[in-house]
Amino acid sequence: MKNACFNLNKLYASTIAMVCLSNLLGSCKDEGEGRITIDDTLPAQVTNVKFSSGPGEVYLSWTNPDTLSSPSFMYTKVEYLEEKGEKQYHLISKERAVNNVVEDTIRGFASVEEKTFSLYTCTVRGYHGEAVEVSVAPGAPAFLELVQTVQLTPDLGGILVSWNNRYDVPIDIVLDYYAVSDASKSGRAMVNVEGKGEGSQFVSLTYGDNILLSGEECVVNVSGQDEAENSSEPIEFRVTPLAVMKLDRSDWTFPGYVDDSNDTTIGYSSQETIGEGGGKSPNGRVIAMLDGDLATYWHASWKTVYKYPHWFIVDMGKNVKVSSVEITRRQGDNRGQTGQHFYTCSSENATNPSNPDAWKWDDQGSYSFDINSDAPQMFRLPANPVCRYIKVYFGEEYKGTADQAMVSEFNVYGAE
């Protein structure tokens, strides 16, 4: 009796169907009537099935039936029960075989209990015969071991999360935290560990409207999680982020600022003094980034067209220890930049005040920017640089749908 795989995954099924129909169109056309004849003869079973275990994974390999003796064979369906007992399957086209041998990795197991995998050989319409079955016990998931290696170190405005991943398996480190003095000051953060090796990442502990838990003792519950959202039991840490503040901007300037000109100066690539309100309004000018008003914004010049790259330099007036830079987009407008690069320079390294290009700038790296969010976006600078000047550079690679960059507010967090 023929059994049909009616519950096919749409993405895999459509891909497989396109390959199969392409083959059929080339080989099964009825020249007399202009119609296609579909072969639903049950294919032979897979052979030479091999298996092994990894961290929360099972590795399978098999040999496909010979297409000369089973021309109707189009794909293999591997069916199994996932960790919650729900039926899952992988659909693997015959085109994926190398020398007629296929390899498949099945992830997302949280226990080491034996699992059964049924391998069906299917026709283009999903017909198949009896399955070849194998039973395999996955290894202990990688997140159980990784979470035991996690260390938390206090840092300015947050914590440094360190880990050692012994496996080449992606894992999420989940941090659920709250202030000891007030449990309503709480939040969640996630660190994505892509693969094998040691690493660390700064995590800002915030609550509410991006308010920092600065200098407050916090309980941080750390757990490991795989891509199927299986997770370990949490491990509790107590840690106090080092005190940090949003720095006062009242004395900040932009080198070479000219109120009524769109043109480039030593402190910025351009500004729009006419087309965004003109007159006495700060709109369009670089100073709008420091006025505390989300309704105003810097806009690179478009009346006199200046295209990417765009940039500006903020002079904070004295050296400060910087933890993070915060940028807020022009509110309600997603046409701007999709990222930026930061550079910093101390007073001592700004040797020629009239020529910032000759200064000794420290590269603080590139960061992506969410153009669809009106919320402030915080960017952690590595190693807490001591600096007076911050240069924000918007390269051509970060061009949005408009030719100009736009920023509503610019803030810095750190310690004087």
# chains A, B, ... in the order shown; residues from 1 in each chain; ligands from 1

$ residues_around --residues "region 402-410 of chain A" --least-positions-apart "2" --cutoff "9 Å" --atoms "only C-alpha atoms" --output "PyMOL selection string"
chain A and resi 284+286+288-302+305-311+325-331+333+335-337+376+394+399-400+412

$ select_by_dssp --residues "region 41-177 of chain A" --states "strand (DSSP E or B)" --output "PyMOL selection string"
chain A and resi 47-55+57-63+75-81+87-93+98+101-107+115-122+127-128+132-136+139+151-156+158-165+171-177

$ residues_around --residues "Ser135 (chain A)" --least-positions-apart "3" --cutoff "10 Å" --atoms "only C-alpha atoms" --output "short mmCIF file (atom, residue, chain, number, x, y, z; two decimals) with N, CA and C atoms, in the first residue's frame"
data_model
loop_
_atom_site.label_atom_id
_atom_site.label_comp_id
_atom_site.auth_asym_id
_atom_site.auth_seq_id
_atom_site.Cartn_x
_atom_site.Cartn_y
_atom_site.Cartn_z
N PHE A 51 25.70 5.93 12.10
CA PHE A 51 25.32 7.00 13.02
C PHE A 51 26.37 7.16 14.11
N GLU A 113 18.70 10.31 26.30
CA GLU A 113 17.85 9.14 26.05
C GLU A 113 17.89 8.77 24.57
N GLU A 114 17.80 7.49 24.31
CA GLU A 114 17.87 6.99 22.94
C GLU A 114 16.69 7.50 22.11
N LYS A 115 16.96 7.93 20.89
CA LYS A 115 15.93 8.42 19.97
C LYS A 115 15.91 7.53 18.73
N THR A 116 14.71 7.37 18.15
CA THR A 116 14.55 6.56 16.95
C THR A 116 14.38 7.47 15.74
N PHE A 117 15.11 7.16 14.68
CA PHE A 117 15.06 7.93 13.45
C PHE A 117 14.62 7.02 12.31
N SER A 118 13.56 7.43 11.61
CA SER A 118 13.00 6.65 10.51
C SER A 118 13.36 7.31 9.20
N PRO A 138 21.75 10.71 21.79
CA PRO A 138 22.57 11.93 21.65
C PRO A 138 23.50 12.10 22.84
#

$ select_by_dssp --residues "region 333-416 of chain A" --states "helix (DSSP H, G or I)" --output "ChimeraX atom specification"
/A:347-349,356-358,396-398

$ write_last_selection --atoms "all heavy atoms" --output "mmCIF file, in the first residue's frame"
data_model
loop_
_atom_site.group_PDB
_atom_site.id
_atom_site.type_symbol
_atom_site.label_atom_id
_atom_site.label_comp_id
_atom_site.auth_asym_id
_atom_site.auth_seq_id
_atom_site.Cartn_x
_atom_site.Cartn_y
_atom_site.Cartn_z
ATOM 1 N N SER A 347 43.421 64.161 24.787
ATOM 2 C CA SER A 347 43.967 65.512 24.635
ATOM 3 C C SER A 347 45.440 65.461 24.234
ATOM 4 O O SER A 347 45.904 66.239 23.391
ATOM 5 C CB SER A 347 43.827 66.288 25.945
ATOM 6 O OG SER A 347 42.478 66.509 26.269
ATOM 7 N N GLU A 348 46.187 64.535 24.841
ATOM 8 C CA GLU A 348 47.622 64.437 24.583
ATOM 9 C C GLU A 348 47.929 64.047 23.140
ATOM 10 O O GLU A 348 48.983 64.403 22.597
ATOM 11 C CB GLU A 348 48.267 63.414 25.534
ATOM 12 C CG GLU A 348 48.222 63.796 27.004
ATOM 13 C CD GLU A 348 46.837 63.618 27.640
ATOM 14 O OE1 GLU A 348 45.988 62.890 27.063
ATOM 15 O OE2 GLU A 348 46.603 64.220 28.706
ATOM 16 N N ASN A 349 47.017 63.289 22.515
ATOM 17 C CA ASN A 349 47.264 62.816 21.153
ATOM 18 C C ASN A 349 46.668 63.723 20.083
ATOM 19 O O ASN A 349 46.823 63.468 18.890
ATOM 20 C CB ASN A 349 46.706 61.401 20.977
ATOM 21 C CG ASN A 349 47.512 60.372 21.731
ATOM 22 O OD1 ASN A 349 48.724 60.517 21.880
ATOM 23 N ND2 ASN A 349 46.858 59.338 22.221
ATOM 24 N N PRO A 356 42.648 67.552 12.663
ATOM 25 C CA PRO A 356 42.330 66.265 13.308
ATOM 26 C C PRO A 356 42.812 65.042 12.527
ATOM 27 O O PRO A 356 43.003 63.980 13.124
ATOM 28 C CB PRO A 356 40.794 66.301 13.395
ATOM 29 C CG PRO A 356 40.455 67.750 13.409
ATOM 30 C CD PRO A 356 41.462 68.396 12.506
ATOM 31 N N ASP A 357 42.996 65.173 11.228
ATOM 32 C CA ASP A 357 43.481 64.032 10.443
ATOM 33 C C ASP A 357 44.874 63.597 10.889
ATOM 34 O O ASP A 357 45.261 62.442 10.672
ATOM 35 C CB ASP A 357 43.517 64.381 8.949
ATOM 36 C CG ASP A 357 42.124 64.476 8.342
ATOM 37 O OD1 ASP A 357 41.181 63.936 8.963
ATOM 38 O OD2 ASP A 357 41.977 65.073 7.264
ATOM 39 N N ALA A 358 45.620 64.509 11.500
ATOM 40 C CA ALA A 358 46.979 64.189 11.936
ATOM 41 C C ALA A 358 47.026 63.663 13.364
ATOM 42 O O ALA A 358 48.095 63.294 13.849
ATOM 43 C CB ALA A 358 47.863 65.436 11.815
ATOM 44 N N GLU A 396 30.462 54.287 3.414
ATOM 45 C CA GLU A 396 29.552 53.947 2.319
ATOM 46 C C GLU A 396 28.826 52.631 2.585
ATOM 47 O O GLU A 396 27.666 52.445 2.188
ATOM 48 C CB GLU A 396 30.343 53.855 1.014
ATOM 49 C CG GLU A 396 29.528 53.446 -0.205
ATOM 50 C CD GLU A 396 28.549 54.519 -0.658
ATOM 51 O OE1 GLU A 396 28.821 55.710 -0.441
ATOM 52 O OE2 GLU A 396 27.521 54.134 -1.260
ATOM 53 N N GLU A 397 29.498 51.701 3.292
ATOM 54 C CA GLU A 397 28.881 50.392 3.567
ATOM 55 C C GLU A 397 27.674 50.504 4.486
ATOM 56 O O GLU A 397 26.884 49.560 4.607
ATOM 57 C CB GLU A 397 29.911 49.436 4.172
ATOM 58 C CG GLU A 397 30.403 49.789 5.562
ATOM 59 C CD GLU A 397 31.597 50.738 5.580
ATOM 60 O OE1 GLU A 397 31.787 51.475 4.589
ATOM 61 O OE2 GLU A 397 32.343 50.722 6.585
ATOM 62 N N TYR A 398 27.527 51.659 5.163
ATOM 63 C CA TYR A 398 26.401 51.852 6.075
ATOM 64 C C TYR A 398 25.340 52.789 5.514
ATOM 65 O O TYR A 398 24.502 53.298 6.244
ATOM 66 C CB TYR A 398 26.909 52.389 7.418
ATOM 67 C CG TYR A 398 27.736 51.383 8.184
ATOM 68 C CD1 TYR A 398 29.030 51.678 8.602
ATOM 69 C CD2 TYR A 398 27.233 50.116 8.478
ATOM 70 C CE1 TYR A 398 29.789 50.753 9.309
ATOM 71 C CE2 TYR A 398 27.978 49.192 9.168
ATOM 72 C CZ TYR A 398 29.249 49.518 9.584
ATOM 73 O OH TYR A 398 29.986 48.585 10.280
#

$ residues_around --residues "region 38-43 of chain A" --least-positions-apart "2" --cutoff "8 Å" --atoms "only C-alpha atoms" --output "list in words"
Lys2, Leu24, Cys28, Ile36, Gln45, Pro65, Ser70, Pro71, Ser72, Phe73, Thr121, Cys122, Thr123, Val124, Arg125, Tyr127, His128 and Gly129 of chain A

$ write_last_selection --atoms "all heavy atoms" --output "short mmCIF file (atom, residue, chain, number, x, y, z; two decimals), in the first residue's frame"
data_model
loop_
_atom_site.label_atom_id
_atom_site.label_comp_id
_atom_site.auth_asym_id
_atom_site.auth_seq_id
_atom_site.Cartn_x
_atom_site.Cartn_y
_atom_site.Cartn_z
N LYS A 2 0.49 2.26 -0.73
CA LYS A 2 1.26 3.49 -0.82
C LYS A 2 0.86 4.43 0.31
O LYS A 2 -0.30 4.67 0.56
CB LYS A 2 1.02 4.18 -2.16
CG LYS A 2 1.50 3.35 -3.37
CD LYS A 2 1.19 4.08 -4.66
CE LYS A 2 1.65 3.28 -5.86
NZ LYS A 2 1.34 3.96 -7.12
N LEU A 24 11.53 15.83 -14.06
CA LEU A 24 10.42 15.16 -14.74
C LEU A 24 10.12 15.79 -16.09
O LEU A 24 9.84 15.11 -17.07
CB LEU A 24 9.18 15.18 -13.86
CG LEU A 24 9.24 14.24 -12.64
CD1 LEU A 24 8.11 14.58 -11.69
CD2 LEU A 24 9.16 12.79 -13.08
N CYS A 28 10.09 12.96 -18.63
CA CYS A 28 8.84 12.21 -18.61
C CYS A 28 7.74 12.82 -19.45
O CYS A 28 6.57 12.50 -19.29
CB CYS A 28 8.35 12.06 -17.16
SG CYS A 28 9.54 11.24 -16.09
N ILE A 36 2.68 15.42 -18.62
CA ILE A 36 3.76 14.81 -17.84
C ILE A 36 3.22 13.57 -17.14
O ILE A 36 2.17 13.60 -16.51
CB ILE A 36 4.29 15.80 -16.78
CG1 ILE A 36 4.91 17.02 -17.48
CG2 ILE A 36 5.32 15.13 -15.88
CD1 ILE A 36 5.27 18.11 -16.51
N GLN A 45 14.84 1.11 -0.49
CA GLN A 45 15.21 1.76 0.77
C GLN A 45 16.66 2.25 0.72
O GLN A 45 17.45 1.84 -0.13
CB GLN A 45 15.05 0.77 1.92
CG GLN A 45 13.62 0.35 2.21
CD GLN A 45 13.55 -0.66 3.33
OE1 GLN A 45 14.28 -1.66 3.32
NE2 GLN A 45 12.67 -0.43 4.30
N PRO A 65 19.20 5.02 -2.76
CA PRO A 65 18.98 3.97 -3.76
C PRO A 65 19.52 4.42 -5.12
O PRO A 65 19.55 5.62 -5.42
CB PRO A 65 17.47 3.80 -3.77
CG PRO A 65 16.92 5.05 -3.21
CD PRO A 65 17.93 5.54 -2.23
N SER A 70 15.84 2.73 -9.22
CA SER A 70 14.72 3.43 -8.57
C SER A 70 14.60 4.84 -9.13
O SER A 70 14.88 5.84 -8.44
CB SER A 70 14.92 3.49 -7.04
OG SER A 70 14.85 2.22 -6.45
N PRO A 71 14.16 4.98 -10.39
CA PRO A 71 14.10 6.31 -11.02
C PRO A 71 13.07 7.23 -10.37
O PRO A 71 13.15 8.44 -10.55
CB PRO A 71 13.72 5.99 -12.47
CG PRO A 71 13.04 4.66 -12.41
CD PRO A 71 13.73 3.90 -11.32
N SER A 72 12.14 6.68 -9.61
CA SER A 72 11.11 7.51 -8.97
C SER A 72 11.63 8.19 -7.70
O SER A 72 10.99 9.11 -7.18
CB SER A 72 9.89 6.66 -8.60
OG SER A 72 10.25 5.67 -7.64
N PHE A 73 12.81 7.79 -7.18
CA PHE A 73 13.33 8.35 -5.94
C PHE A 73 13.71 9.82 -6.12
O PHE A 73 14.44 10.18 -7.04
CB PHE A 73 14.55 7.55 -5.47
CG PHE A 73 15.31 8.20 -4.34
CD1 PHE A 73 14.71 8.34 -3.09
CD2 PHE A 73 16.59 8.71 -4.54
CE1 PHE A 73 15.39 8.96 -2.06
CE2 PHE A 73 17.27 9.32 -3.50
CZ PHE A 73 16.67 9.45 -2.26
N THR A 121 12.42 6.71 1.82
CA THR A 121 12.74 7.18 0.47
C THR A 121 11.42 7.51 -0.23
O THR A 121 10.50 6.69 -0.27
CB THR A 121 13.51 6.11 -0.31
OG1 THR A 121 12.81 4.87 -0.25
CG2 THR A 121 14.91 5.94 0.26
N CYS A 122 11.32 8.73 -0.78
CA CYS A 122 10.05 9.25 -1.26
C CYS A 122 10.09 9.60 -2.74
O CYS A 122 11.13 9.98 -3.29
CB CYS A 122 9.65 10.50 -0.48
SG CYS A 122 9.48 10.25 1.31
N THR A 123 8.91 9.50 -3.38
CA THR A 123 8.75 9.97 -4.76
C THR A 123 8.45 11.47 -4.73
O THR A 123 8.32 12.07 -3.66
CB THR A 123 7.59 9.23 -5.45
OG1 THR A 123 6.35 9.63 -4.85
CG2 THR A 123 7.74 7.71 -5.32
N VAL A 124 8.29 12.05 -5.90
CA VAL A 124 8.06 13.48 -5.97
C VAL A 124 6.77 13.88 -5.26
O VAL A 124 6.66 14.98 -4.72
CB VAL A 124 8.03 13.96 -7.45
CG1 VAL A 124 6.82 13.40 -8.19
CG2 VAL A 124 8.05 15.48 -7.53
N ARG A 125 5.78 12.99 -5.22
CA ARG A 125 4.52 13.31 -4.54
C ARG A 125 4.48 12.78 -3.11
O ARG A 125 3.44 12.84 -2.46
CB ARG A 125 3.34 12.75 -5.34
CG ARG A 125 3.16 13.45 -6.67
CD ARG A 125 1.79 13.26 -7.26
NE ARG A 125 1.56 11.88 -7.70
CZ ARG A 125 0.51 11.50 -8.43
NH1 ARG A 125 -0.40 12.39 -8.79
NH2 ARG A 125 0.38 10.25 -8.80
N TYR A 127 5.15 9.68 -1.92
CA TYR A 127 4.86 8.27 -1.67
C TYR A 127 6.14 7.55 -1.24
O TYR A 127 7.23 7.83 -1.75
CB TYR A 127 4.29 7.61 -2.92
CG TYR A 127 2.94 8.13 -3.30
CD1 TYR A 127 2.76 8.88 -4.46
CD2 TYR A 127 1.83 7.88 -2.50
CE1 TYR A 127 1.52 9.38 -4.81
CE2 TYR A 127 0.58 8.36 -2.85
CZ TYR A 127 0.42 9.11 -4.00
OH TYR A 127 -0.81 9.60 -4.34
N HIS A 128 5.97 6.61 -0.29
CA HIS A 128 7.13 5.88 0.21
C HIS A 128 6.70 4.53 0.74
O HIS A 128 5.53 4.28 1.05
CB HIS A 128 7.85 6.66 1.31
CG HIS A 128 6.98 6.95 2.51
ND1 HIS A 128 6.64 6.00 3.45
CD2 HIS A 128 6.37 8.09 2.91
CE1 HIS A 128 5.88 6.54 4.38
NE2 HIS A 128 5.68 7.82 4.08
N GLY A 129 7.68 3.66 0.90
CA GLY A 129 7.43 2.36 1.48
C GLY A 129 7.81 2.35 2.95
O GLY A 129 7.71 3.37 3.64
#

$ residues_around --residues "Ser200 (chain A)" --least-positions-apart "4" --cutoff "9 Å" --atoms "only C-alpha atoms" --output "list in words"
Leu160, Val161, Ser162, Trp163 and Asn164 of chain A

$ write_last_selection --atoms "all heavy atoms" --output "short mmCIF file (atom, residue, chain, number, x, y, z; two decimals), in the first residue's frame"
data_model
loop_
_atom_site.label_atom_id
_atom_site.label_comp_id
_atom_site.auth_asym_id
_atom_site.auth_seq_id
_atom_site.Cartn_x
_atom_site.Cartn_y
_atom_site.Cartn_z
N LEU A 160 31.29 42.03 32.39
CA LEU A 160 31.98 41.31 31.33
C LEU A 160 31.66 39.83 31.50
O LEU A 160 31.95 39.25 32.55
CB LEU A 160 33.48 41.55 31.41
CG LEU A 160 34.30 41.10 30.20
CD1 LEU A 160 33.94 41.93 28.97
CD2 LEU A 160 35.79 41.21 30.50
N VAL A 161 31.05 39.24 30.48
CA VAL A 161 30.69 37.82 30.50
C VAL A 161 31.75 37.03 29.75
O VAL A 161 32.01 37.30 28.57
CB VAL A 161 29.31 37.60 29.85
CG1 VAL A 161 28.92 36.12 29.91
CG2 VAL A 161 28.25 38.46 30.54
N SER A 162 32.38 36.07 30.43
CA SER A 162 33.43 35.26 29.82
C SER A 162 33.00 33.80 29.80
O SER A 162 32.24 33.34 30.67
CB SER A 162 34.74 35.39 30.60
OG SER A 162 35.12 36.75 30.70
N TRP A 163 33.51 33.05 28.81
CA TRP A 163 33.12 31.65 28.66
C TRP A 163 34.19 30.87 27.93
O TRP A 163 35.11 31.44 27.32
CB TRP A 163 31.80 31.54 27.90
CG TRP A 163 31.92 31.99 26.47
CD1 TRP A 163 32.35 31.26 25.38
CD2 TRP A 163 31.67 33.32 25.98
NE1 TRP A 163 32.36 32.04 24.26
CE2 TRP A 163 31.95 33.30 24.59
CE3 TRP A 163 31.23 34.50 26.58
CZ2 TRP A 163 31.79 34.44 23.79
CZ3 TRP A 163 31.07 35.63 25.78
CH2 TRP A 163 31.35 35.59 24.41
N ASN A 164 34.05 29.55 27.97
CA ASN A 164 34.91 28.64 27.20
C ASN A 164 34.03 27.55 26.60
O ASN A 164 33.50 26.71 27.32
CB ASN A 164 35.99 28.03 28.10
CG ASN A 164 36.98 27.17 27.31
OD1 ASN A 164 36.90 27.06 26.09
ND2 ASN A 164 37.92 26.57 28.01
#

$ residues_around --residues "Leu144 (chain A)" --least-positions-apart "3" --cutoff "6 Å" --atoms "only C-alpha atoms" --output "ChimeraX atom specification"
/A:141,147,232

$ atom_distance --atom1 "CA of Thr401 (chain A)" --atom2 "CA of Ala375 (chain A)"
19.8 Å

$ atom_distance --atom1 "CA of Tyr177 (chain A)" --atom2 "CA of Asn372 (chain A)"
26.7 Å

$ residues_around --residues "Gly187 (chain A)" --least-positions-apart "5" --cutoff "12 Å" --atoms "only C-alpha atoms" --output "MDAnalysis selection string"
chainID A and resid 174:179 203:213 218:221

$ atom_distance --atom1 "CA of Gly277 (chain A)" --atom2 "CA of Pro255 (chain A)"
22.9 Å
